[in-house]
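> So I've got this file, structure-v7.cif, and it contains mmCIF, C-alpha atoms:
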data_final
loop_
_atom_site.label_atom_id
_atom_site.label_comp_id
_atom_site.auth_asym_id
_atom_site.auth_seq_id
_atom_site.Cartn_x
_atom_site.Cartn_y
_atom_site.Cartn_z
CA MET A 24 72.24 111.94 90.35
CA ASN A 25 71.27 115.53 89.77
CA ILE A 26 73.32 116.69 86.75
CA THR A 27 74.01 120.41 86.83
CA THR A 28 76.56 120.95 84.03
CA TRP A 29 78.05 119.08 81.07
CA ASP A 30 81.50 118.52 79.60
CA ALA A 31 82.58 116.59 76.52
CA THR A 32 85.77 114.74 75.66
CA MET A 33 86.81 113.31 72.31
CA HIS A 34 89.49 111.15 70.76
CA TRP A 35 89.57 112.20 67.13
CA SER A 36 90.22 109.94 64.15
CA TYR A 37 89.08 109.87 60.54
CA ALA A 38 90.00 106.34 59.42
CA SER A 39 89.14 104.63 62.73
CA PRO A 40 86.03 105.19 64.87
CA ALA A 41 86.34 108.53 66.63
CA TRP A 42 84.71 108.58 70.06
CA CYS A 43 83.05 111.49 71.85
CA GLY A 44 81.63 111.22 75.35
CA PHE A 45 79.20 113.66 76.96
CA ILE A 46 79.70 113.73 80.71
CA GLY A 47 77.24 115.10 83.22
CA ILE A 48 78.67 116.65 86.38
CA ALA A 49 76.36 116.12 89.35
CA ASP A 50 75.80 118.41 92.31
CA ASP A 51 77.81 115.98 94.48
CA HIS A 52 80.68 116.33 91.95
CA ARG A 53 80.46 112.75 90.73
CA CYS A 54 80.48 112.45 86.95
CA LEU A 55 78.35 110.32 84.64
CA VAL A 56 79.40 109.34 81.11
CA ARG A 57 75.81 109.63 79.90
CA HIS A 58 76.03 109.69 76.11
CA GLU A 59 78.53 108.66 73.46
CA LEU A 60 78.86 109.60 69.80
CA VAL A 61 80.89 107.38 67.46
CA MET A 62 81.99 108.67 64.05
CA ARG A 63 83.98 107.11 61.23
CA GLU A 64 85.29 108.68 58.02
CA THR A 65 83.76 111.97 59.08
CA THR A 66 85.36 115.34 58.34
CA PRO A 67 85.68 117.89 61.14
CA GLU A 68 82.97 120.01 59.51
CA GLN A 69 80.60 117.03 59.36
CA ALA A 70 81.51 116.09 62.94
CA VAL A 71 80.48 119.53 64.23
CA ILE A 72 77.02 119.08 62.71
CA LEU A 73 76.66 115.61 64.25
CA ILE A 74 77.80 116.89 67.65
CA TYR A 75 75.27 119.73 67.71
CA LYS A 76 72.47 117.45 66.47
CA ALA A 77 73.27 114.96 69.23
CA MET A 78 73.33 117.69 71.89
CA LEU A 79 69.94 118.90 70.70
CA ALA A 80 68.48 115.38 70.78
CA TRP A 81 69.92 114.73 74.26
CA GLU A 82 68.80 118.14 75.56
CA ILE A 83 72.33 119.24 76.41
CA PRO A 84 72.20 123.04 76.10
CA ARG A 85 75.95 123.56 76.23
CA VAL A 86 79.21 122.00 77.41
CA GLY A 87 81.65 123.79 79.68
CA SER A 88 84.64 122.31 77.88
CA PHE A 89 85.24 120.13 74.84
CA ILE A 90 88.50 118.26 75.42
CA LEU A 91 90.61 117.19 72.43
CA PRO A 92 94.00 115.49 72.08
CA VAL A 93 97.03 117.76 71.89
CA GLN A 94 97.77 116.66 68.31
CA GLU A 95 94.51 118.26 67.15
CA PHE A 96 95.85 121.72 68.06
CA PRO A 97 98.28 123.81 65.99
CA GLU A 98 101.92 123.49 66.99
CA LYS A 99 102.19 127.28 66.79
CA LEU A 100 99.12 129.49 66.95
CA GLY A 101 98.32 131.05 63.60
CA GLU A 102 100.74 128.89 61.62
CA GLY A 103 99.94 126.12 59.14
CA GLY A 104 96.59 124.87 57.89
CA GLU A 105 93.43 124.63 59.94
CA THR A 106 93.40 121.92 62.63
CA VAL A 107 90.47 119.97 64.05
CA SER A 108 90.49 122.11 67.19
CA GLU A 109 90.32 125.29 65.13
CA THR A 110 87.38 123.95 63.09
CA PHE A 111 85.54 123.00 66.27
CA GLY A 112 86.40 126.31 67.92
CA ARG A 113 85.14 128.35 64.97
CA ALA A 114 81.85 126.43 65.27
CA GLY A 115 81.47 127.57 68.88
CA LEU A 116 82.66 124.49 70.77
CA PRO A 117 84.76 125.43 73.84
CA VAL A 118 87.82 123.37 72.86
CA VAL A 119 90.38 122.54 75.54
CA ARG A 120 93.80 120.99 75.04
CA GLY A 121 93.87 117.57 76.72
CA ASP A 122 96.61 116.34 79.04
CA GLU A 123 98.82 113.66 77.47
CA GLN A 124 100.58 112.21 80.53
CA LEU A 125 99.73 108.56 79.95
CA ARG A 126 100.86 107.01 83.24
CA ALA A 127 99.38 109.79 85.37
CA GLY A 128 96.18 109.80 83.31
CA PHE A 129 95.57 106.07 83.61
CA MET A 130 96.34 106.25 87.33
CA ARG A 131 93.76 109.01 87.80
CA LEU A 132 91.20 107.07 85.76
CA ARG A 133 91.64 104.01 88.00
CA SER A 134 91.13 106.24 91.05
CA TRP A 135 87.99 107.80 89.59
CA MET A 136 86.53 104.36 88.81
CA THR A 137 87.28 102.82 92.21
CA PRO A 138 84.32 102.88 94.66
CA VAL A 139 85.00 105.25 97.56
CA PRO A 140 82.82 106.92 100.21
CA GLN A 141 81.46 110.11 98.68
CA ALA A 142 80.67 113.32 100.57
CA ASN A 143 77.00 112.29 100.75
CA GLY A 144 77.90 108.96 102.39
CA ILE A 145 77.29 106.84 99.27
CA VAL A 146 80.06 104.39 98.37
CA SER A 147 80.43 104.82 94.64
CA PRO A 148 82.96 105.39 91.87
CA SER A 149 83.45 109.08 91.17
CA LEU A 150 83.08 108.34 87.44
CA LEU A 151 80.03 106.33 86.39
CA ILE A 152 79.15 104.98 82.94
CA HIS A 153 75.59 104.74 81.63
CA ALA A 154 74.49 101.55 79.88
CA ASP A 155 73.75 103.57 76.72
CA CYS A 156 77.50 104.02 76.14
CA LYS A 157 77.75 100.65 74.44
CA ARG A 158 81.03 101.11 72.57
CA LEU A 159 82.82 102.36 75.68
CA LEU A 160 81.56 99.41 77.73
CA ARG A 161 82.36 96.94 74.94
CA MET A 162 85.91 98.24 74.43
CA MET A 163 86.99 98.43 78.08
CA PRO A 164 87.41 94.64 78.63
CA THR A 165 89.48 94.32 75.43
CA LEU A 166 92.26 96.64 76.59
CA VAL A 167 95.63 95.16 77.54
CA SER A 168 98.69 96.61 79.23
CA LYS A 169 102.02 97.10 77.52
CA ASP A 170 104.64 94.43 78.24
CA THR A 171 107.20 97.17 78.74
CA ASP A 172 104.97 99.31 80.97
CA PRO A 173 101.98 97.56 82.61
CA ASP A 174 100.56 100.91 83.79
CA VAL A 175 99.96 102.04 80.19
CA MET A 176 97.52 100.56 77.66
CA VAL A 177 98.54 99.15 74.27
CA GLU A 178 97.61 101.62 71.53
CA SER A 179 94.65 100.59 69.37
CA PRO A 180 91.32 102.06 68.18
CA ASN A 181 89.71 100.09 71.03
CA ALA A 182 91.52 102.39 73.45
CA PHE A 183 90.13 105.64 71.96
CA PRO A 184 87.24 105.97 74.48
CA ILE A 185 89.59 105.33 77.40
CA HIS A 186 92.04 107.95 76.14
CA ALA A 187 89.19 110.45 75.98
CA LEU A 188 88.14 109.64 79.56
CA ARG A 189 91.77 109.78 80.71
CA ARG A 190 91.98 113.35 79.44
CA PHE A 191 88.67 114.24 81.10
CA VAL A 192 89.68 113.10 84.60
CA MET A 193 93.00 114.90 84.23
CA SER A 194 91.10 118.12 83.57
CA ARG A 195 89.43 118.36 86.99
CA PRO A 196 89.95 117.47 90.66
CA MET A 197 88.50 114.21 91.91
CA PRO A 198 85.54 114.59 94.32
CA LYS A 199 86.65 114.51 97.94
CA ASP A 200 85.81 111.27 99.69
CA THR A 201 84.62 110.94 103.26
CA PRO A 202 87.22 109.44 105.61
CA VAL A 203 86.22 106.01 106.92
CA ALA A 204 86.24 105.88 110.72
CA LEU A 205 88.46 103.14 112.18
CA PRO A 206 86.93 100.67 114.66
CA HIS A 207 87.30 101.24 118.42
CA LYS A 208 90.86 100.82 119.73
CA ASP A 209 89.91 97.57 121.51
CA ALA A 210 88.26 95.99 118.45
CA ILE A 211 89.72 92.78 116.99
CA TYR A 212 90.30 94.71 113.75
CA HIS A 213 93.51 96.17 115.17
CA LEU A 214 94.83 92.75 116.29
CA VAL A 215 94.19 91.34 112.81
CA GLN A 216 96.04 94.30 111.25
CA GLU A 217 99.02 93.73 113.56
CA LEU A 218 99.16 90.03 112.59
CA ARG A 219 98.97 90.94 108.88
CA ASP A 220 101.72 93.52 109.25
CA ALA A 221 103.93 91.00 111.07
CA ALA A 222 103.30 88.37 108.36
CA ASN A 223 104.12 90.85 105.59
CA ALA A 224 107.31 91.86 107.36
CA GLY A 225 108.42 88.21 107.22
#
In structure tokens, what does this structure look like?

Amino acid sequence: MNITTWDATMHWSYASPAWCGFIGIADDHRCLVRHELVMRETTPEQAVILIYKAMLAWEIPRVGSFILPVQEFPEKLGEGGETVSETFGRAGLPVVRGDEQLRAGFMRLRSWMTPVPQANGIVSPSLLIHADCKRLLRMMPTLVSKDTDPDVMVESPNAFPIHALRRFVMSRPMPKDTPVALPHKDAIYHLVQELRDAANAG
């Protein structure tokens, strides 16, 4: 993958491990979760320093957007005390308000992580995860669906990385896949499909 630009997405927390993912956007529009930063009991001011130090170490010159949960933004601009988004913004991070549609977000994340034919002919997920992102990879198998809504994950600190990725995929269009050509009209494929359709119809 030839990464051309970077974005970042974060699920903020002080008491539980906050998670920040740095995502490289390739020239074929696939995205790679390349680096992760995990912080606990860290103030927003301390977090900014850690973020910039990590970007320097990873040779990430800048991010196009830094996505945060809606609750980290002021309810009304200019009112109340300083929020996490305002602290980050004052430090020069391009903060963006994340989308909080849970069902739609998890649906998009499943689509991004399902292998499909890409524009270059490669069959691949549109969102890839590097092996260095150990917490993300360790947390994913622990997530469970809600009994009341199987399309939504149970809330827990284990879900923080997934929430951050959910907001990321909701912030951009999914790469266009290449349509798969159907077999010739006389191929047995079509007969098998007819038999399956008849069986499903009862």
> For the PyMOL selection byres ((chain A and resi 117) around 12), applied here, can you spell out every residue it catches as an MDAnalysis selection string?
chainID A and resid 29:32 85:91 108:116 118:120
> Apply the PyMOL selection byres ((chain A and resi 157) around 12) to the structure shown and report the selected residues as a PyMOL selection string.
chain A and resi 42+44+56-61+152-156+158-163+184
> Enclose the full set of atoms of segment 72-88 of chain A listed in the file within a box whose edges lie along x, y and z, apply 8 Å of padding to each of the six sides, and report centre and edge lengths in Å to one decimal as JSON.

{"center_x": 76.6, "center_y": 119.3, "center_z": 71.2, "size_x": 32.2, "size_y": 25.1, "size_z": 33.0}
> Excluding same-chain residues fewer than 4 positions from Arg126 of chain A, what lies within 7 Å of it counting all atoms listed in the file, as an NGL selection string?
:A and (130 or 174-175)
> Rounded to one decimal place, report the atom CA of Ile48 of chain A-atom CA of Ile26 of chain A distance in Å.
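That distance, rounded to one decimal, is 5.4 Å.
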> At a cut-off of 10 Å from (94.8, 114.4, 67.9) in the coordinates of the file, what residues are picked up using only C-alpha atoms, written as a PDB file with C-alpha atoms, in the coordinates of the input?

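Contents of result_35.pdb, freshly written:
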ATOM      1  CA  MET A  33      86.810 113.310  72.310  1.00  0.00           C
ATOM      2  CA  HIS A  34      89.490 111.150  70.760  1.00  0.00           C
ATOM      3  CA  TRP A  35      89.570 112.200  67.130  1.00  0.00           C
ATOM      4  CA  SER A  36      90.220 109.940  64.150  1.00  0.00           C
ATOM      5  CA  LEU A  91      90.610 117.190  72.430  1.00  0.00           C
ATOM      6  CA  PRO A  92      94.000 115.490  72.080  1.00  0.00           C
ATOM      7  CA  VAL A  93      97.030 117.760  71.890  1.00  0.00           C
ATOM      8  CA  GLN A  94      97.770 116.660  68.310  1.00  0.00           C
ATOM      9  CA  GLU A  95      94.510 118.260  67.150  1.00  0.00           C
ATOM     10  CA  PHE A  96      95.850 121.720  68.060  1.00  0.00           C
ATOM     11  CA  THR A 106      93.400 121.920  62.630  1.00  0.00           C
ATOM     12  CA  VAL A 107      90.470 119.970  64.050  1.00  0.00           C
ATOM     13  CA  SER A 108      90.490 122.110  67.190  1.00  0.00           C
ATOM     14  CA  ARG A 120      93.800 120.990  75.040  1.00  0.00           C
ATOM     15  CA  GLY A 121      93.870 117.570  76.720  1.00  0.00           C
TER      16      GLY A 121
END
> Here's the selection I'm unsure about, the PyMOL selection byres ((chain A and resi 148) around 9); applied to the file above, which residues does it give, as a list of chain:residue names?
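With the PyMOL selection byres ((chain A and resi 148) around 9) on this model, the match is A:Arg53, A:Cys54, A:Ser134, A:Trp135, A:Met136, A:Thr137, A:Pro138, A:Val139, A:Pro140, A:Gln141, A:Val146, A:Ser147, A:Ser149, A:Leu150, A:Leu151.
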> Could you save the residues just selected, with C-alpha atoms, as a compact mmCIF listing (two decimals), keeping the file's coordinate frame?

# COMPACT_ATOMS: atom_id res chain seq x y z
CA ARG A 53 80.46 112.75 90.73
CA CYS A 54 80.48 112.45 86.95
CA SER A 134 91.13 106.24 91.05
CA TRP A 135 87.99 107.80 89.59
CA MET A 136 86.53 104.36 88.81
CA THR A 137 87.28 102.82 92.21
CA PRO A 138 84.32 102.88 94.66
CA VAL A 139 85.00 105.25 97.56
CA PRO A 140 82.82 106.92 100.21
CA GLN A 141 81.46 110.11 98.68
CA VAL A 146 80.06 104.39 98.37
CA SER A 147 80.43 104.82 94.64
CA SER A 149 83.45 109.08 91.17
CA LEU A 150 83.08 108.34 87.44
CA LEU A 151 80.03 106.33 86.39
> So how many Å separate atom CA of Glu98 of chain A and atom CA of Pro67 of chain A, to one decimal?
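If I compute the distance from atom CA of Glu98 of chain A to atom CA of Pro67 of chain A, I get 18.1 Å.
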> Quick one: everything within 10 Å of Ala49 of chain A, counting all atoms listed in the file, minus sequence neighbours fewer than 6 positions away in the same chain. Send it as a list in words.
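Counting all atoms listed in the file, the residues come to Met24, Asn25, Ile26, Thr27, Thr28, Trp29 and Leu55 of chain A.
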> By how many Å are atom CA of Asp172 of chain A and atom CA of Met193 of chain A apart?
19.9 Å
> Show which residues sit within 10 Å of Ser179 of chain A, as a list of chain:residue names. Count all atoms listed in the file, and ignore same-chain residues fewer than 5 positions away.
A:Ser39, A:Leu166, A:Val167
> May I have the residues within 10 Å of Glu64 of chain A as a count of residues only, using all atoms listed in the file and disregarding those fewer than 5 positions away in the same chain?
8
> Using only C-alpha atoms, which residue out of A:Pro198, A:Val192, A:Glu82, A:Phe183 lies closest to Met62 of chain A?
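Of A:Pro198, A:Val192, A:Glu82, A:Phe183, the one nearest Met62 of chain A, counting only C-alpha atoms, is A:Phe183.
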> Between A:Met197, A:Met78, A:Ala210, A:Leu125, which one has atoms that come closest to Pro173 of chain A, using all atoms listed in the file?
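The shortest atom-to-atom distance to Pro173 of chain A comes from A:Leu125.
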